[in-house]
Amino acid sequence: MLHVSILPKVVLPATSLMARLAPLRQPKVLSILVVTLLVMAGHYAVYTYIGAVTASATTGSFSQALTMILFVWGVGVLVGNFFAGHLVDQRPVLGVAVGALAGGTVLLAISPLTVSNLAIASVWAAIWGTTDGMASVVQQHRLVTFAPASSPMLLGLNSSAIYFGVAIGGGLGGLAQEWLSVTLLGVPAAVLALLATTITVVEGRADPAKASPKAAENRR
């Protein structure tokens with residue numbers, strides 16, 4: 001049987017297993033993965049319960065109101081993906097990362113003020129989704145530029161951090177409802193996102209030279 005592939009052949013850099021694992025000894029790599037976990041936990045502490053969070057805005061409205069909120073959030077994520085990809089090619093990646101993380105923190109913190117009105121909640125969801133989409137792309141970019149030869153492994157670890165963060169966020173969001181109204185979930189979620197932002201800022205200030213891709217390339 002003849003198999004025809006239209007996908008390009010992928011050739012990974014020739015390097016040893018130990019060389020691929022070497023970036024895990026770098027505190028910068030570990031901090032990026034921790035930031036990914038924290039920011040995803042923060043975002044999904046709210047997103048997991050978005051139907052309940054926005055219930056006062058969608059109840060009594062048209063039947064697809066929640067679907068609309070989810071749709072505009074998804075569009076925002078897509079826009080954030082493209083926007084972040086453009087920005088990291090034009091500006092320092094650390095600044096883009098801090099901007100995306102800080103923006104998400106603010107959007108989560110103000111969520112209790114936005115979720116009672118459908119129009120406002122929809123705009124909020126779109127902008128919030130944009131910050132979430134930007135953060136995902138920037139975190140991957142930071143890992144790849146820091147250690148290109150180990151990028152397959154690092155991207156795999158980043159994906160694990162994303163899903164672990166999603167699981168933690170859902171669990172923490174459920175626990176938080178024992179003490180908080182569901183509409184206030186954005187407050188503890190913002191604390192997690194703020195911690196992720198703070199780690200990124202501290203990392204950049206501690207050693208700005210090592211934070212640049214060029215410096216990482218020189219070390220290899």
# chains A, B, ... in the order shown; residues from 1 in each chain; ligands from 1

$ residues_around --residues "A:Trp73" --least-positions-apart "3" --cutoff "8 Å" --atoms "only C-alpha atoms" --output "PyMOL selection string"
chain A and resi 69-70+76-77+122+125-130

$ residues_around --residues "stretch 179-188 of chain A" --least-positions-apart "4" --cutoff "9 Å" --atoms "only C-alpha atoms" --output "PyMOL selection string"
chain A and resi 42-43+45-46+49+52-55+105+107-113+115-116+173-175+192-193

$ select_by_dssp --residues "stretch 63-210 of chain A" --states "alpha helix (DSSP H)" --output "ChimeraX atom specification"
/A:65-90,93-109,118-146,151-176,186-206

$ atom_distance --atom1 "atom CA of A:Thr67" --atom2 "atom CA of A:Val137"
24.8 Å

$ atom_distance --atom1 "atom CA of A:Leu194" --atom2 "atom CA of A:Leu66"
27.2 Å
